[in-house]
Amino acid sequence: MDVVEPLLIDPGSGSPDTMGRIRRVFIESLHLNLREQDLRYEAKLDESVGLDSVAVLEFVTALEMEFGIQFEPEMLTIDLVRNMKELASYVDERVARRCPSREPA
């Protein structure tokens with residue numbers, strides 16, 4: 001039996017699609033010489049790569065463009081940005097608020 005990396009066992013984690021997109025945006029927006037599979041979902045992003053304030057802003061801006069959302073200023077903390085699972089959950093929340101599901105008539 002193959003062992004699959006547990007993506008969303010923890011409550012408060014975002015969807016697998018969101019987490020994959022965040023990982024890709026992180027690597028691309030910061031021009032990292034890193035393969036996506038080398039950046040584990042459990043990794044603290046600031047520990048994986050040295051993040052300074054400029055890098056954080058570039059990453060957040062790229063996320064806003066990727067998902068069509070805006071981060072609430074009061075939520076924009078290093079604790080949120082560094083934790084991929086919490087970040088994915090937050091992004092999923094913002095996307096859901098932007099595009100509420102339509103109820104059948």
# chains A, B, ... in the order shown; residues from 1 in each chain; ligands from 1

$ residues_around --residues "Thr61 (chain A)" --least-positions-apart "2" --cutoff "12 Å" --atoms "only C-alpha atoms" --output "PDB file with C-alpha atoms, in the first residue's frame"
ATOM      1  CA  ILE A  22      -0.277  28.223  -2.798  1.00  0.00           C
ATOM      2  CA  VAL A  25       2.665  30.543  -6.200  1.00  0.00           C
ATOM      3  CA  PHE A  26       5.155  30.588  -3.333  1.00  0.00           C
ATOM      4  CA  SER A  29       6.569  34.449  -6.975  1.00  0.00           C
ATOM      5  CA  LEU A  30       9.819  34.245  -5.032  1.00  0.00           C
ATOM      6  CA  VAL A  54       9.571  42.355   0.650  1.00  0.00           C
ATOM      7  CA  ALA A  55       9.314  38.616  -0.080  1.00  0.00           C
ATOM      8  CA  VAL A  56       6.182  38.352   2.058  1.00  0.00           C
ATOM      9  CA  LEU A  57       4.565  41.237   0.162  1.00  0.00           C
ATOM     10  CA  GLU A  58       5.470  39.698  -3.203  1.00  0.00           C
ATOM     11  CA  PHE A  59       4.042  36.349  -2.107  1.00  0.00           C
ATOM     12  CA  LEU A  63      -1.742  35.013  -3.913  1.00  0.00           C
ATOM     13  CA  GLU A  64      -4.248  37.841  -4.245  1.00  0.00           C
ATOM     14  CA  MET A  65      -3.834  37.772  -8.006  1.00  0.00           C
ATOM     15  CA  GLU A  66      -3.989  33.962  -8.209  1.00  0.00           C
ATOM     16  CA  PHE A  67      -7.187  33.664  -6.182  1.00  0.00           C
ATOM     17  CA  GLY A  68      -8.856  37.011  -6.958  1.00  0.00           C
ATOM     18  CA  ILE A  69      -9.044  37.977  -3.291  1.00  0.00           C
ATOM     19  CA  GLN A  70      -7.691  40.636  -0.985  1.00  0.00           C
ATOM     20  CA  PHE A  71      -6.192  39.869   2.384  1.00  0.00           C
ATOM     21  CA  LEU A  76      -1.961  39.659   7.421  1.00  0.00           C
ATOM     22  CA  VAL A  81       1.653  33.563   5.997  1.00  0.00           C
TER      23      VAL A  81
END

$ select_by_dssp --residues "region 12-96 of chain A" --states "helix (DSSP H, G or I)" --output "count of residues only"
57

$ atom_distance --atom1 "CA of Glu93 (chain A)" --atom2 "CA of Ala43 (chain A)"
21.3 Å

$ atom_distance --atom1 "CA of Glu86 (chain A)" --atom2 "CA of Ala62 (chain A)"
17.2 Å
